[in-house]
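**Student:** Can you keep this structure in mind? I'll have questions shortly.
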Amino acid sequence: FALVLMGASVSFAALGLALLIAAIARTTEQASMMSALGNIILGAFGGIMVPRFVMPESMRALSGFSPMAWGLGGFLELLLHGGGVGDILPEVAKLGALGLVAIAIALALHRRQE
């Protein structure tokens, strides 16, 4: 159940960010560029491209704000440390909140554009 919950949280946050990009972008090229650049930046800061323990202290502090770090941390807790639902609740909450905020902003932008 914990793996399903973590996967659903990551998917919900990704969906929210994708909808936000779709609401902001005017063309397919803009959406492609925003999503590619966003993935690279969030991945670099989140510990996906460079492990967090190798990062300088200042970058390690910034990585705490990356949704990719939240997802990676939750999956590592489950798969490497044998954690359960209680251990991943902070990550699930952050990803859920990000998804909700992104969807709310995307809806507001979409309604404004109509």
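Ordering of the structure tokens sets the chain letters (A, B, ...), residue numbers begin anew at 1 in every chain, and ligands are numbered from 1 in the order given.
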Residues at most 10 Å from segment 3-6 of chain A, counting only C-alpha atoms, excluding those fewer than 4 positions away in the same chain, as a ChimeraX atom specification?
**Tutor:** /A:10-12,70-72,74-75,78-79,84-85,88-89,91-92,95
**Student:** Next, dump the selected residues to file, keeping only C-alpha atoms, as a PDB file, in the first residue's frame.
**Tutor:**
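The resulting file, part.pdb, is shown below:
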```pdb
ATOM      1  CA  VAL A  10       4.318  11.501  -7.335  1.00  0.00           C
ATOM      2  CA  SER A  11       1.846  11.074 -10.206  1.00  0.00           C
ATOM      3  CA  PHE A  12      -0.542  13.645  -8.734  1.00  0.00           C
ATOM      4  CA  TRP A  70      10.512  14.412  -2.018  1.00  0.00           C
ATOM      5  CA  GLY A  71       9.666  11.595  -4.406  1.00  0.00           C
ATOM      6  CA  LEU A  72      13.163  10.141  -4.311  1.00  0.00           C
ATOM      7  CA  GLY A  74       9.938   8.598  -0.162  1.00  0.00           C
ATOM      8  CA  PHE A  75      10.846   5.768  -2.525  1.00  0.00           C
ATOM      9  CA  LEU A  78      10.332   2.402   1.299  1.00  0.00           C
ATOM     10  CA  LEU A  79      12.690   0.402  -0.880  1.00  0.00           C
ATOM     11  CA  GLY A  84       6.032   2.085   5.900  1.00  0.00           C
ATOM     12  CA  VAL A  85       3.199   4.508   5.339  1.00  0.00           C
ATOM     13  CA  ILE A  88       6.576   8.598   3.949  1.00  0.00           C
ATOM     14  CA  LEU A  89       3.694  10.794   5.100  1.00  0.00           C
ATOM     15  CA  GLU A  91       6.739  13.388   1.401  1.00  0.00           C
ATOM     16  CA  VAL A  92       3.200  12.333   0.449  1.00  0.00           C
ATOM     17  CA  LEU A  95       3.646  16.143  -3.105  1.00  0.00           C
TER      18      LEU A  95
END
```
**Student:** Can you check which residues of chain A DSSP gives as helix (DSSP H, G or I) on the backbone and send them as a PyMOL selection string?
**Tutor:** chain A and resi 2-24+28-46+52-54+57-63+67-79+85-113
**Student:** Report as a compact mmCIF listing (two decimals) with N, CA, C and O atoms, in the first residue's frame all protein, DNA and RNA residues lying within 12 Å of Gly43 of chain A, evaluated on only C-alpha atoms, omitting residues in the same chain fewer than 4 positions from it.
**Tutor:**
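File written: part.txt
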```
# COMPACT_ATOMS: atom_id res chain seq x y z
N SER A 35 8.84 22.14 -19.79
CA SER A 35 8.89 20.86 -19.08
C SER A 35 10.30 20.28 -19.09
O SER A 35 10.76 19.75 -18.08
N ALA A 36 11.02 20.40 -20.21
CA ALA A 36 12.39 19.88 -20.26
C ALA A 36 13.30 20.65 -19.31
O ALA A 36 14.05 20.04 -18.53
N LEU A 37 13.22 21.96 -19.34
CA LEU A 37 14.05 22.79 -18.46
C LEU A 37 13.69 22.55 -16.99
O LEU A 37 14.56 22.43 -16.13
N GLY A 38 12.39 22.47 -16.71
CA GLY A 38 11.95 22.20 -15.34
C GLY A 38 12.44 20.86 -14.83
O GLY A 38 12.88 20.75 -13.68
N ASN A 39 12.39 19.84 -15.67
CA ASN A 39 12.89 18.52 -15.27
C ASN A 39 14.38 18.55 -14.96
O ASN A 39 14.83 17.95 -13.98
N GLY A 47 18.54 15.75 -6.34
CA GLY A 47 19.35 14.59 -6.06
C GLY A 47 19.18 13.46 -7.05
O GLY A 47 19.67 12.35 -6.83
N ILE A 48 18.51 13.72 -8.16
CA ILE A 48 18.32 12.69 -9.18
C ILE A 48 19.58 12.58 -10.03
O ILE A 48 20.04 11.49 -10.33
N MET A 49 20.13 13.70 -10.44
CA MET A 49 21.33 13.70 -11.29
C MET A 49 22.62 13.59 -10.48
O MET A 49 23.56 12.95 -10.92
N VAL A 50 22.64 14.26 -9.37
CA VAL A 50 23.81 14.25 -8.49
C VAL A 50 23.32 13.86 -7.10
O VAL A 50 22.41 14.50 -6.57
N PRO A 51 23.89 12.82 -6.49
CA PRO A 51 23.44 12.44 -5.15
C PRO A 51 23.60 13.58 -4.15
O PRO A 51 24.55 14.36 -4.23
N ARG A 52 22.66 13.69 -3.26
CA ARG A 52 22.65 14.80 -2.30
C ARG A 52 23.89 14.83 -1.41
O ARG A 52 24.37 15.89 -1.06
N LEU A 62 18.96 23.70 -0.68
CA LEU A 62 17.99 23.99 -1.75
C LEU A 62 17.25 22.74 -2.21
O LEU A 62 16.10 22.81 -2.63
N SER A 63 17.90 21.60 -2.12
CA SER A 63 17.28 20.36 -2.61
C SER A 63 16.03 19.98 -1.81
O SER A 63 15.18 19.25 -2.31
N GLY A 64 15.93 20.48 -0.61
CA GLY A 64 14.74 20.21 0.19
C GLY A 64 13.47 20.81 -0.37
O GLY A 64 12.37 20.45 0.04
N PHE A 65 13.61 21.72 -1.34
CA PHE A 65 12.45 22.37 -1.96
C PHE A 65 12.08 21.74 -3.30
O PHE A 65 11.18 22.24 -3.97
N SER A 66 12.76 20.70 -3.70
CA SER A 66 12.50 20.07 -4.99
C SER A 66 11.53 18.90 -4.84
O SER A 66 11.76 18.00 -4.03
N PRO A 67 10.46 18.88 -5.62
CA PRO A 67 9.53 17.76 -5.54
C PRO A 67 10.19 16.43 -5.93
O PRO A 67 9.78 15.38 -5.47
N MET A 68 11.22 16.51 -6.76
CA MET A 68 11.92 15.27 -7.10
C MET A 68 12.66 14.71 -5.90
O MET A 68 12.77 13.49 -5.75
N ALA A 69 13.15 15.58 -5.04
CA ALA A 69 13.80 15.13 -3.80
C ALA A 69 12.77 14.47 -2.89
O ALA A 69 13.07 13.47 -2.23
N TRP A 70 11.56 15.00 -2.85
CA TRP A 70 10.51 14.41 -2.02
C TRP A 70 10.16 13.02 -2.52
O TRP A 70 10.04 12.08 -1.74
N GLY A 71 9.99 12.90 -3.83
CA GLY A 71 9.67 11.60 -4.41
C GLY A 71 10.79 10.59 -4.21
O GLY A 71 10.56 9.45 -3.79
N LEU A 72 12.01 11.02 -4.49
CA LEU A 72 13.16 10.14 -4.31
C LEU A 72 13.31 9.72 -2.86
O LEU A 72 13.51 8.55 -2.56
```
**Student:** Can you work out the spacing between atom CA of Ala61 of chain A and atom CA of Gly7 of chain A in Å, to one decimal?
**Tutor:**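 About the pair atom CA of Ala61 of chain A and atom CA of Gly7 of chain A: they are 24.6 Å apart.
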**Student:** Rank A:Ile105, A:His81, A:Leu76, A:Met59 by their smallest atom-to-atom distance to Leu42 of chain A, using only C-alpha atoms, and report the top residue only.
**Tutor:**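 Ranking A:Ile105, A:His81, A:Leu76, A:Met59 by distance to Leu42 of chain A, first place goes to A:Met59.
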**Student:** Can you work out which one of A:Val101, A:Ala8, A:Ile40, A:Ala108 has the shortest atom-to-atom distance to Ala23 of chain A, counting only C-alpha atoms?
**Tutor:**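 Looking only at the distances to Ala23 of chain A, the closest residue turns out to be A:Ala108.
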**Student:** So, counting only C-alpha atoms, which residue among A:Gln30, A:Ala104, A:Gly73, A:Ser58 is closest to Asp87 of chain A?
**Tutor:**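 Once distances to Asp87 of chain A are computed over only C-alpha atoms, the minimum belongs to A:Gly73.
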**Student:** Which residues are near Gly99 of chain A? Cut-off 8 Å, only C-alpha atoms, ignore same chain within fewer than 6 positions. Put them as a ChimeraX atom specification.
**Tutor:** /A:12-17
**Student:** Nearest to Arg60 of chain A: which of A:Ile24, A:Glu77, A:Ala97, A:Ala44 is it, counting only C-alpha atoms?
**Tutor:**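 With only C-alpha atoms as the atom set, the closest residue is A:Ala44.
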**Student:** Can you tell me which residues surround Ala25 of chain A at a distance of at most 9 Å, considering only C-alpha atoms, apart from same-chain residues fewer than 6 positions away, and format the answer as a list in words?
**Tutor:** Ala31, Ser32 and Met34 of chain A
